[in-house]
Amino acid sequence: MTSMSSSAVYPLPAVIRTHPRVLSIAGSDPSGGAGIQADLKSIAAHGGYGMAAITALTAQNTRGVSGVHVPPVEFLRQQLETVSSDVAIDAVKIGMLGDAAVINEVRTWLVKVRPAVVVLDPVMVATSGDRLLRESAEAALRDLLPMADLITPNLPELAMLLGEPEAEDWPAALDQGKRLAGECGNTVLVKGGHLPGAQCPDALINTSGLLRQDVIEVGGPRVQTRNSHGTGCSLSSALAAVQARTGDWEASLREVKPWLREALMRADDLEVGQGSGPIHHFHHLRESSRPGAFAALLWKEAAVELEAIHGLAFIRDLGSGELPESEFSYYLAQDALYLNGYSRVLARAGALAPTEEEQLFWARGSQQCLDVESVLHRNWLSGREATTQSGPVTKAYVDHLMASSASGSYGVLLAAVLPCYWLYAEVGQQLHADFVQAGSPENHPYADWLRTYADEDFAEATRKAIALTDAAAAAASGRERAAMKEAFVQSCRYETAFFDAPRLHS
Ligand SMILES: Nc1ncnc2c1ncn2[C@@H]1O[C@H](COP(=O)(O)OP(=O)(O)O)[C@@H](O)[C@H]1O
Ligand SMILES: Cc1ncc(COP(=O)(O)O)c(N)n1
């Protein structure tokens, strides 16, 4: 390779840690959206190990700050010294400092410990307009700036640090950023959050040659949401964590910015508070591990097939009583043959089950199939002319189930067997409801059969089978879940084909 990447030009940290130990020195937000609470979530969301030394307690929610309490600085000193005397700190993020005494305490500690990455978010005023730094401490904060590697002011803070009016457009903001970077000798992140427009850019600025170029702009669309509480805190702590891993500010910003955008996009899902709510730090965690999520995904697939089943002449005519007897007999005979294969497959699910409770559930299911098969033969098939040969759909369906059981994956097998519970229960419930609605006519030729659909035990077993499949999916890898979905969809198609087979093959 001849081209030089930025990490080749600017050396990586001596030890790249996959789980950087990141200390947040910041204020507490009991509503969890900003301050140390946001920092810890943000650090964890980026694979870091988060720690927190609390500078101040705030009483705040998504609507604003109702109080600030700054504990004695001696206790902050004790927190900082106790943590750093034991834990090697890879990165520090500094947020709300409250007053000048706190700033001095942090400065003294930074001089002594000096972690490799120091990100300073010069928090002064909350989005709600409440002050988080005493006015008298602004000069002390300005003096602290050169001790950081990266400073992340929002536009009002940038203006205050320079003693100038707030920038009204992006070029003016970049200009201010350049001057602050020049004054402090470090890197400034200029953030576009407070400007209007469809875009929301950020820019890293360093005028001493540390970056690939003096200004590196990373663009991105603006997200329409009022839930942006703690965005600045989350960004700065995420950058601290990622920088400890990459050693490259540009790479860190390019990694964090899309995450932050998605966190803003998904903020409304959280439904926290009535003001400006928090962002969704863990939006990227596998949704499918949420209970019920995989079942909901499967249901979408099943619903398509269910509609197809309800459109079949077999179902329509079974309900109305116009189904030819030969088709009904064929259906019953194939059902008995199918149940024999299904019983074996459920027994295999029992064999693969991770707990005894699940083993028992599938073992019972397996036995019930044989019970129903024998009832079919005794009560329904004796006296009827019916084939004892598996039809093509029955054979293919059972083969698919057998193949799924041979996969050795409990999840895949459960997904394959589920449609026989789920779709059958749904179809049966509908047919039964229609029958009852029609006044349960005694002269209906299939009245006895339609009555068998009102089986609460089967409905209960179906709910259990759905829950077990969902739980197996939550524990499965992405690849296994994809195979589960595939097996489920395939079985759903066979369910439809099974109801259509009498018309085609009887
Ligand atoms: N509506 C938005 N859509 C997309 N990104 C945003 C939005 N608001 C803020 N950001 C991003 O959030 C981060 C914090 O920006 P900003 O709001 O300017 O600072 P602060 O939260 O400190 O007031 C920046 O990366 C900014 O680009
Ligand atoms: C403890 C604490 N620290 C920082 C902020 C600023 O966060 P934001 O400006 O995003 O509301 C805050 N509200 N509370």
# chains A, B, ... in the order shown; residues from 1 in each chain; ligands from 1
call {"tool": "residues_near_ligand", "arguments": {"ligand": "ligand 1", "cutoff": "7 Å", "atoms": "only C-alpha atoms and all ligand atoms", "output": "list in words"}}
result
Thr127, Pro153, Asn154, Leu155, Lys191, Gly192, Gly193, His194, Cys200, Pro201, Asp202, Gly220, Pro221, Arg222, Val223, Gln224, Thr225, Ser228, Gly230, Thr231, Gly232, Cys233, Leu235, Lys257, Leu260, Arg261 and Leu264 of chain A
call {"tool": "write_last_selection", "arguments": {"atoms": "C-alpha atoms", "output": "PDB file, in the first residue's frame"}}
result
ATOM      1  CA  THR A 127     -30.534  24.130  26.623  1.00  0.00           C
ATOM      2  CA  PRO A 153     -18.434  24.363  22.868  1.00  0.00           C
ATOM      3  CA  ASN A 154     -21.855  24.975  21.377  1.00  0.00           C
ATOM      4  CA  LEU A 155     -22.260  28.308  19.605  1.00  0.00           C
ATOM      5  CA  LYS A 191     -21.056  22.298  16.402  1.00  0.00           C
ATOM      6  CA  GLY A 192     -23.871  23.350  14.127  1.00  0.00           C
ATOM      7  CA  GLY A 193     -26.744  22.306  16.396  1.00  0.00           C
ATOM      8  CA  HIS A 194     -27.789  25.858  17.238  1.00  0.00           C
ATOM      9  CA  CYS A 200     -26.312  20.131  10.894  1.00  0.00           C
ATOM     10  CA  PRO A 201     -22.551  20.125  10.316  1.00  0.00           C
ATOM     11  CA  ASP A 202     -19.743  19.875  12.852  1.00  0.00           C
ATOM     12  CA  GLY A 220     -25.059  15.476   8.282  1.00  0.00           C
ATOM     13  CA  PRO A 221     -28.765  16.184   7.958  1.00  0.00           C
ATOM     14  CA  ARG A 222     -30.626  17.918  10.777  1.00  0.00           C
ATOM     15  CA  VAL A 223     -33.064  15.668  12.629  1.00  0.00           C
ATOM     16  CA  GLN A 224     -36.493  17.110  13.351  1.00  0.00           C
ATOM     17  CA  THR A 225     -37.092  16.412  17.030  1.00  0.00           C
ATOM     18  CA  SER A 228     -32.225  16.776  22.131  1.00  0.00           C
ATOM     19  CA  GLY A 230     -27.953  16.106  26.588  1.00  0.00           C
ATOM     20  CA  THR A 231     -26.787  15.979  22.956  1.00  0.00           C
ATOM     21  CA  GLY A 232     -23.598  17.926  23.707  1.00  0.00           C
ATOM     22  CA  CYS A 233     -22.781  15.785  26.777  1.00  0.00           C
ATOM     23  CA  LEU A 235     -21.244  13.735  21.896  1.00  0.00           C
ATOM     24  CA  LYS A 257     -21.730  11.623  14.341  1.00  0.00           C
ATOM     25  CA  LEU A 260     -25.656  10.650  17.406  1.00  0.00           C
ATOM     26  CA  ARG A 261     -27.911  11.357  14.461  1.00  0.00           C
ATOM     27  CA  LEU A 264     -31.717  11.849  17.838  1.00  0.00           C
TER      28      LEU A 264
END
call {"tool": "residues_near_ligand", "arguments": {"ligand": "ligand 2", "cutoff": "10 Å", "atoms": "only C-alpha atoms and all ligand atoms", "output": "ChimeraX atom specification"}}
result
/A:26-39,54-65,68,94-98,121-133,154,227-235,276-279
call {"tool": "closest_residue", "arguments": {"among": "A:Leu450, A:Leu360, A:Met160, A:Met402", "to": "Gln176 (chain A)", "atoms": "only C-alpha atoms"}}
result
A:Met160
call {"tool": "residues_around", "arguments": {"residues": "Ala44 (chain A)", "least_positions_apart": "6", "cutoff": "10 Å", "atoms": "only C-alpha atoms", "output": "PyMOL selection string"}}
result
chain A and resi 19-20+22+38+50+237-238+241+281-282
call {"tool": "write_last_selection", "arguments": {"atoms": "N, CA and C atoms", "output": "mmCIF file, in the first residue's frame"}}
result
data_model
loop_
_atom_site.group_PDB
_atom_site.id
_atom_site.type_symbol
_atom_site.label_atom_id
_atom_site.label_comp_id
_atom_site.auth_asym_id
_atom_site.auth_seq_id
_atom_site.Cartn_x
_atom_site.Cartn_y
_atom_site.Cartn_z
ATOM 1 N N HIS A 19 -11.694 -1.634 25.181
ATOM 2 C CA HIS A 19 -12.652 -1.146 26.179
ATOM 3 C C HIS A 19 -12.009 -0.019 26.971
ATOM 4 N N PRO A 20 -11.908 1.165 26.374
ATOM 5 C CA PRO A 20 -11.226 2.248 27.074
ATOM 6 C C PRO A 20 -11.911 2.604 28.387
ATOM 7 N N VAL A 22 -12.999 5.280 30.677
ATOM 8 C CA VAL A 22 -13.277 6.705 30.476
ATOM 9 C C VAL A 22 -13.925 7.291 31.723
ATOM 10 N N ALA A 38 -25.863 10.814 31.049
ATOM 11 C CA ALA A 38 -25.732 10.712 29.593
ATOM 12 C C ALA A 38 -24.338 10.209 29.226
ATOM 13 N N GLY A 50 -17.278 3.161 31.594
ATOM 14 C CA GLY A 50 -17.514 4.506 32.090
ATOM 15 C C GLY A 50 -17.364 4.622 33.601
ATOM 16 N N SER A 237 -18.619 12.852 25.416
ATOM 17 C CA SER A 237 -18.148 11.634 26.090
ATOM 18 C C SER A 237 -17.936 10.499 25.091
ATOM 19 N N ALA A 238 -18.792 10.452 24.055
ATOM 20 C CA ALA A 238 -18.595 9.425 23.009
ATOM 21 C C ALA A 238 -17.259 9.668 22.307
ATOM 22 N N ALA A 241 -14.399 8.425 24.423
ATOM 23 C CA ALA A 241 -14.288 6.958 24.414
ATOM 24 C C ALA A 241 -13.712 6.464 23.084
ATOM 25 N N HIS A 281 -29.524 6.581 23.455
ATOM 26 C CA HIS A 281 -28.114 6.178 23.349
ATOM 27 C C HIS A 281 -27.931 4.766 22.810
ATOM 28 N N PHE A 282 -28.867 3.887 23.138
ATOM 29 C CA PHE A 282 -28.677 2.466 22.791
ATOM 30 C C PHE A 282 -29.561 2.024 21.629
#
call {"tool": "residues_around", "arguments": {"residues": "Ala475 (chain A)", "least_positions_apart": "3", "cutoff": "8 Å", "atoms": "only C-alpha atoms", "output": "list in words"}}
result
Ser289, Ala471 and Ala472 of chain A
call {"tool": "write_last_selection", "arguments": {"atoms": "N, CA and C atoms", "output": "PDB file, in the first residue's frame"}}
result
ATOM      1  N   SER A 289     -33.543  -8.466  20.324  1.00  0.00           N
ATOM      2  CA  SER A 289     -33.417  -9.110  21.623  1.00  0.00           C
ATOM      3  C   SER A 289     -34.506  -8.607  22.584  1.00  0.00           C
ATOM      4  N   ALA A 471     -38.148 -16.328  22.443  1.00  0.00           N
ATOM      5  CA  ALA A 471     -37.014 -16.381  23.383  1.00  0.00           C
ATOM      6  C   ALA A 471     -35.798 -17.024  22.718  1.00  0.00           C
ATOM      7  N   ALA A 472     -36.035 -18.053  21.904  1.00  0.00           N
ATOM      8  CA  ALA A 472     -34.909 -18.702  21.207  1.00  0.00           C
ATOM      9  C   ALA A 472     -34.258 -17.704  20.256  1.00  0.00           C
TER      10      ALA A 472
END
call {"tool": "residues_around", "arguments": {"residues": "region 319-333 of chain A", "least_positions_apart": "4", "cutoff": "9 Å", "atoms": "only C-alpha atoms", "output": "ChimeraX atom specification"}}
result
/A:313-315,337-338,376-377,380-381,384-390,431-432,434-435,444-447,450,498-499,501-503,505-506
call {"tool": "write_last_selection", "arguments": {"atoms": "C-alpha atoms", "output": "PDB file, in the first residue's frame"}}
result
ATOM      1  CA  ALA A 313     -61.853 -22.197  -1.809  1.00  0.00           C
ATOM      2  CA  PHE A 314     -61.223 -24.998   0.718  1.00  0.00           C
ATOM      3  CA  ILE A 315     -61.554 -22.681   3.715  1.00  0.00           C
ATOM      4  CA  LEU A 337     -50.218 -38.482   8.055  1.00  0.00           C
ATOM      5  CA  TYR A 338     -48.821 -35.036   8.712  1.00  0.00           C
ATOM      6  CA  LEU A 376     -58.779 -38.871  13.386  1.00  0.00           C
ATOM      7  CA  HIS A 377     -58.516 -42.513  12.437  1.00  0.00           C
ATOM      8  CA  TRP A 380     -63.279 -39.360  11.340  1.00  0.00           C
ATOM      9  CA  LEU A 381     -61.546 -41.625   8.890  1.00  0.00           C
ATOM     10  CA  ARG A 384     -64.554 -42.768   4.869  1.00  0.00           C
ATOM     11  CA  GLU A 385     -62.724 -43.541   1.722  1.00  0.00           C
ATOM     12  CA  ALA A 386     -59.353 -41.987   2.206  1.00  0.00           C
ATOM     13  CA  THR A 387     -55.843 -42.471   0.997  1.00  0.00           C
ATOM     14  CA  THR A 388     -53.089 -43.721   3.254  1.00  0.00           C
ATOM     15  CA  GLN A 389     -50.394 -42.229   1.022  1.00  0.00           C
ATOM     16  CA  SER A 390     -48.751 -38.909   1.756  1.00  0.00           C
ATOM     17  CA  LEU A 431     -63.909 -20.652  11.111  1.00  0.00           C
ATOM     18  CA  HIS A 432     -65.335 -21.317  14.564  1.00  0.00           C
ATOM     19  CA  ASP A 434     -68.123 -17.676  11.671  1.00  0.00           C
ATOM     20  CA  PHE A 435     -69.886 -20.937  12.576  1.00  0.00           C
ATOM     21  CA  HIS A 444     -73.992 -28.032   8.769  1.00  0.00           C
ATOM     22  CA  PRO A 445     -72.178 -31.086   7.304  1.00  0.00           C
ATOM     23  CA  TYR A 446     -68.941 -30.146   9.082  1.00  0.00           C
ATOM     24  CA  ALA A 447     -70.493 -28.885  12.335  1.00  0.00           C
ATOM     25  CA  LEU A 450     -65.816 -26.854  13.203  1.00  0.00           C
ATOM     26  CA  PHE A 498     -51.775 -27.875   2.715  1.00  0.00           C
ATOM     27  CA  PHE A 499     -55.234 -26.261   2.782  1.00  0.00           C
ATOM     28  CA  ALA A 501     -53.996 -29.579  -1.589  1.00  0.00           C
ATOM     29  CA  PRO A 502     -57.432 -31.294  -1.372  1.00  0.00           C
ATOM     30  CA  ARG A 503     -58.653 -29.211  -4.325  1.00  0.00           C
ATOM     31  CA  HIS A 505     -54.878 -33.739  -5.302  1.00  0.00           C
ATOM     32  CA  SER A 506     -57.990 -35.450  -3.901  1.00  0.00           C
TER      33      SER A 506
END
call {"tool": "residues_around", "arguments": {"residues": "Gln359 (chain A)", "least_positions_apart": "5", "cutoff": "7 Å", "atoms": "only C-alpha atoms", "output": "list in words"}}
result
Gly350, Ala351 and Ala353 of chain A
call {"tool": "write_last_selection", "arguments": {"atoms": "C-alpha atoms", "output": "mmCIF file, in the first residue's frame"}}
result
data_model
loop_
_atom_site.group_PDB
_atom_site.id
_atom_site.type_symbol
_atom_site.label_atom_id
_atom_site.label_comp_id
_atom_site.auth_asym_id
_atom_site.auth_seq_id
_atom_site.Cartn_x
_atom_site.Cartn_y
_atom_site.Cartn_z
ATOM 1 C CA GLY A 350 -37.918 -31.719 23.154
ATOM 2 C CA ALA A 351 -34.523 -33.334 22.687
ATOM 3 C CA ALA A 353 -34.785 -27.935 24.485
#
call {"tool": "select_by_dssp", "arguments": {"residues": "region 77-241 of chain A", "states": "strand (DSSP E)", "output": "JSON, numbers by chain"}}
result
{"A": [91, 92, 93, 94, 117, 118, 119, 120, 150, 151, 187, 188, 189, 190, 191, 202, 203, 204, 205, 215, 216, 217, 218]}
call {"tool": "write_last_selection", "arguments": {"atoms": "N, CA and C atoms", "output": "short mmCIF file (atom, residue, chain, number, x, y, z; two decimals), in the first residue's frame"}}
result
data_model
loop_
_atom_site.label_atom_id
_atom_site.label_comp_id
_atom_site.auth_asym_id
_atom_site.auth_seq_id
_atom_site.Cartn_x
_atom_site.Cartn_y
_atom_site.Cartn_z
N ALA A 91 -9.17 7.99 29.08
CA ALA A 91 -9.72 9.26 28.58
C ALA A 91 -10.58 9.91 29.64
N VAL A 92 -10.60 11.25 29.59
CA VAL A 92 -11.44 12.01 30.52
C VAL A 92 -12.35 12.90 29.71
N LYS A 93 -13.59 12.97 30.15
CA LYS A 93 -14.49 13.96 29.59
C LYS A 93 -14.88 14.89 30.73
N ILE A 94 -14.75 16.18 30.52
CA ILE A 94 -15.10 17.13 31.56
C ILE A 94 -16.33 17.90 31.12
N VAL A 117 -6.21 11.26 26.79
CA VAL A 117 -7.25 11.97 26.04
C VAL A 117 -8.06 12.82 27.02
N VAL A 118 -8.12 14.13 26.77
CA VAL A 118 -8.93 15.01 27.63
C VAL A 118 -9.88 15.81 26.73
N VAL A 119 -11.17 15.56 26.92
CA VAL A 119 -12.19 16.29 26.16
C VAL A 119 -12.91 17.21 27.14
N LEU A 120 -12.98 18.49 26.79
CA LEU A 120 -13.64 19.45 27.68
C LEU A 120 -14.87 20.03 26.99
N LEU A 150 -9.31 18.38 23.26
CA LEU A 150 -10.44 18.77 22.41
C LEU A 150 -11.44 19.57 23.25
N ILE A 151 -11.91 20.68 22.69
CA ILE A 151 -12.94 21.49 23.36
C ILE A 151 -14.19 21.44 22.49
N THR A 187 -7.49 21.42 19.78
CA THR A 187 -8.51 21.21 18.76
C THR A 187 -9.87 21.65 19.29
N VAL A 188 -10.60 22.36 18.44
CA VAL A 188 -11.95 22.80 18.82
C VAL A 188 -12.94 22.10 17.91
N LEU A 189 -14.01 21.61 18.50
CA LEU A 189 -15.09 21.07 17.68
C LEU A 189 -16.18 22.13 17.63
N VAL A 190 -16.42 22.67 16.45
CA VAL A 190 -17.50 23.64 16.29
C VAL A 190 -18.74 22.86 15.88
N LYS A 191 -19.84 23.11 16.60
CA LYS A 191 -21.06 22.30 16.40
C LYS A 191 -22.18 23.16 15.82
N ASP A 202 -20.70 19.64 11.77
CA ASP A 202 -19.74 19.88 12.85
C ASP A 202 -18.38 20.01 12.17
N ALA A 203 -17.45 20.68 12.84
CA ALA A 203 -16.11 20.80 12.25
C ALA A 203 -15.04 20.73 13.33
N LEU A 204 -14.02 19.92 13.04
CA LEU A 204 -12.84 19.87 13.91
C LEU A 204 -11.87 20.92 13.40
N ILE A 205 -11.38 21.74 14.31
CA ILE A 205 -10.46 22.79 13.89
C ILE A 205 -9.19 22.73 14.73
N VAL A 215 -9.23 22.65 9.05
CA VAL A 215 -10.66 22.50 9.33
C VAL A 215 -11.16 21.22 8.66
N ILE A 216 -11.71 20.35 9.45
CA ILE A 216 -12.30 19.13 8.88
C ILE A 216 -13.78 19.13 9.20
N GLU A 217 -14.56 19.28 8.16
CA GLU A 217 -16.00 19.39 8.37
C GLU A 217 -16.65 18.02 8.17
N VAL A 218 -17.52 17.68 9.07
CA VAL A 218 -18.29 16.43 8.93
C VAL A 218 -19.76 16.84 8.91
#
call {"tool": "atom_distance", "arguments": {"atom1": "CA of Glu138 (chain A)", "atom2": "CA of Leu23 (chain A)"}}
result
23.1 Å
call {"tool": "closest_residue", "arguments": {"among": "A:Tyr342, A:Trp249, A:Trp259, A:Tyr421", "to": "Ser405 (chain A)", "atoms": "only C-alpha atoms"}}
result
A:Tyr342
call {"tool": "select_by_dssp", "arguments": {"residues": "region 306-396 of chain A", "states": "helix (DSSP H, G or I)", "output": "ChimeraX atom specification"}}
result
/A:306-310,313-320,325-352,356-381,392-396
call {"tool": "residues_around", "arguments": {"residues": "Pro291 (chain A)", "least_positions_apart": "6", "cutoff": "9 Å", "atoms": "only C-alpha atoms", "output": "compact mmCIF listing (two decimals) with C-alpha atoms, in the first residue's frame"}}
result
# COMPACT_ATOMS: atom_id res chain seq x y z
CA ALA A 467 -43.10 -17.22 23.36
CA ASP A 470 -39.31 -15.55 20.46
CA ALA A 471 -37.01 -16.38 23.38
CA ALA A 474 -33.40 -13.41 21.39
call {"tool": "closest_residue", "arguments": {"among": "A:His400, A:Arg266, A:Lys485, A:Arg463", "to": "Lys300 (chain A)", "atoms": "only C-alpha atoms"}}
result
A:Lys485
call {"tool": "decode", "arguments": {"residues": "region 229-255 of chain A", "atoms": "N, CA and C atoms", "output": "PDB file, in the first residue's frame"}}
result
ATOM      1  N   HIS A 229     -32.135  16.831  24.558  1.00  0.00           N
ATOM      2  CA  HIS A 229     -31.535  17.084  25.862  1.00  0.00           C
ATOM      3  C   HIS A 229     -30.274  16.219  26.017  1.00  0.00           C
ATOM      4  N   GLY A 230     -29.187  16.855  26.325  1.00  0.00           N
ATOM      5  CA  GLY A 230     -27.953  16.106  26.588  1.00  0.00           C
ATOM      6  C   GLY A 230     -27.153  15.744  25.345  1.00  0.00           C
ATOM      7  N   THR A 231     -27.496  16.329  24.202  1.00  0.00           N
ATOM      8  CA  THR A 231     -26.787  15.979  22.956  1.00  0.00           C
ATOM      9  C   THR A 231     -25.293  16.305  23.067  1.00  0.00           C
ATOM     10  N   GLY A 232     -24.997  17.506  23.600  1.00  0.00           N
ATOM     11  CA  GLY A 232     -23.598  17.926  23.707  1.00  0.00           C
ATOM     12  C   GLY A 232     -22.818  17.030  24.665  1.00  0.00           C
ATOM     13  N   CYS A 233     -23.441  16.670  25.802  1.00  0.00           N
ATOM     14  CA  CYS A 233     -22.781  15.785  26.777  1.00  0.00           C
ATOM     15  C   CYS A 233     -22.481  14.433  26.118  1.00  0.00           C
ATOM     16  N   SER A 234     -23.485  13.920  25.425  1.00  0.00           N
ATOM     17  CA  SER A 234     -23.351  12.583  24.819  1.00  0.00           C
ATOM     18  C   SER A 234     -22.281  12.582  23.753  1.00  0.00           C
ATOM     19  N   LEU A 235     -22.244  13.648  22.961  1.00  0.00           N
ATOM     20  CA  LEU A 235     -21.244  13.735  21.896  1.00  0.00           C
ATOM     21  C   LEU A 235     -19.832  13.778  22.480  1.00  0.00           C
ATOM     22  N   SER A 236     -19.614  14.630  23.474  1.00  0.00           N
ATOM     23  CA  SER A 236     -18.247  14.801  23.985  1.00  0.00           C
ATOM     24  C   SER A 236     -17.745  13.532  24.678  1.00  0.00           C
ATOM     25  N   SER A 237     -18.619  12.852  25.416  1.00  0.00           N
ATOM     26  CA  SER A 237     -18.148  11.634  26.090  1.00  0.00           C
ATOM     27  C   SER A 237     -17.936  10.499  25.091  1.00  0.00           C
ATOM     28  N   ALA A 238     -18.792  10.452  24.055  1.00  0.00           N
ATOM     29  CA  ALA A 238     -18.595   9.425  23.009  1.00  0.00           C
ATOM     30  C   ALA A 238     -17.259   9.668  22.307  1.00  0.00           C
ATOM     31  N   LEU A 239     -16.962  10.933  22.035  1.00  0.00           N
ATOM     32  CA  LEU A 239     -15.691  11.242  21.368  1.00  0.00           C
ATOM     33  C   LEU A 239     -14.499  10.839  22.239  1.00  0.00           C
ATOM     34  N   ALA A 240     -14.618  11.075  23.551  1.00  0.00           N
ATOM     35  CA  ALA A 240     -13.520  10.692  24.458  1.00  0.00           C
ATOM     36  C   ALA A 240     -13.294   9.182  24.385  1.00  0.00           C
ATOM     37  N   ALA A 241     -14.399   8.425  24.423  1.00  0.00           N
ATOM     38  CA  ALA A 241     -14.288   6.958  24.414  1.00  0.00           C
ATOM     39  C   ALA A 241     -13.712   6.464  23.084  1.00  0.00           C
ATOM     40  N   VAL A 242     -14.214   7.005  21.985  1.00  0.00           N
ATOM     41  CA  VAL A 242     -13.779   6.504  20.671  1.00  0.00           C
ATOM     42  C   VAL A 242     -12.342   6.945  20.375  1.00  0.00           C
ATOM     43  N   GLN A 243     -12.003   8.170  20.804  1.00  0.00           N
ATOM     44  CA  GLN A 243     -10.636   8.658  20.584  1.00  0.00           C
ATOM     45  C   GLN A 243      -9.615   7.762  21.294  1.00  0.00           C
ATOM     46  N   ALA A 244      -9.974   7.274  22.472  1.00  0.00           N
ATOM     47  CA  ALA A 244      -9.049   6.394  23.210  1.00  0.00           C
ATOM     48  C   ALA A 244      -8.810   5.107  22.422  1.00  0.00           C
ATOM     49  N   ARG A 245      -9.757   4.767  21.575  1.00  0.00           N
ATOM     50  CA  ARG A 245      -9.625   3.545  20.767  1.00  0.00           C
ATOM     51  C   ARG A 245      -8.939   3.826  19.432  1.00  0.00           C
ATOM     52  N   THR A 246      -9.286   4.971  18.799  1.00  0.00           N
ATOM     53  CA  THR A 246      -8.770   5.204  17.440  1.00  0.00           C
ATOM     54  C   THR A 246      -7.508   6.069  17.421  1.00  0.00           C
ATOM     55  N   GLY A 247      -7.386   6.989  18.392  1.00  0.00           N
ATOM     56  CA  GLY A 247      -6.247   7.914  18.372  1.00  0.00           C
ATOM     57  C   GLY A 247      -6.331   8.900  17.228  1.00  0.00           C
ATOM     58  N   ASP A 248      -7.484   9.099  16.641  1.00  0.00           N
ATOM     59  CA  ASP A 248      -7.632   9.934  15.449  1.00  0.00           C
ATOM     60  C   ASP A 248      -8.954  10.699  15.571  1.00  0.00           C
ATOM     61  N   TRP A 249      -8.865  12.031  15.789  1.00  0.00           N
ATOM     62  CA  TRP A 249     -10.079  12.815  16.043  1.00  0.00           C
ATOM     63  C   TRP A 249     -11.065  12.750  14.872  1.00  0.00           C
ATOM     64  N   GLU A 250     -10.524  12.795  13.669  1.00  0.00           N
ATOM     65  CA  GLU A 250     -11.424  12.773  12.511  1.00  0.00           C
ATOM     66  C   GLU A 250     -12.177  11.441  12.443  1.00  0.00           C
ATOM     67  N   ALA A 251     -11.421  10.355  12.603  1.00  0.00           N
ATOM     68  CA  ALA A 251     -12.056   9.034  12.573  1.00  0.00           C
ATOM     69  C   ALA A 251     -13.079   8.929  13.703  1.00  0.00           C
ATOM     70  N   SER A 252     -12.736   9.519  14.859  1.00  0.00           N
ATOM     71  CA  SER A 252     -13.653   9.442  16.002  1.00  0.00           C
ATOM     72  C   SER A 252     -14.942  10.187  15.701  1.00  0.00           C
ATOM     73  N   LEU A 253     -14.820  11.406  15.140  1.00  0.00           N
ATOM     74  CA  LEU A 253     -16.023  12.180  14.837  1.00  0.00           C
ATOM     75  C   LEU A 253     -16.865  11.486  13.764  1.00  0.00           C
ATOM     76  N   ARG A 254     -16.175  10.912  12.771  1.00  0.00           N
ATOM     77  CA  ARG A 254     -16.925  10.223  11.706  1.00  0.00           C
ATOM     78  C   ARG A 254     -17.652   8.991  12.233  1.00  0.00           C
ATOM     79  N   GLU A 255     -17.140   8.410  13.295  1.00  0.00           N
ATOM     80  CA  GLU A 255     -17.826   7.259  13.901  1.00  0.00           C
ATOM     81  C   GLU A 255     -18.993   7.720  14.783  1.00  0.00           C
TER      82      GLU A 255
END
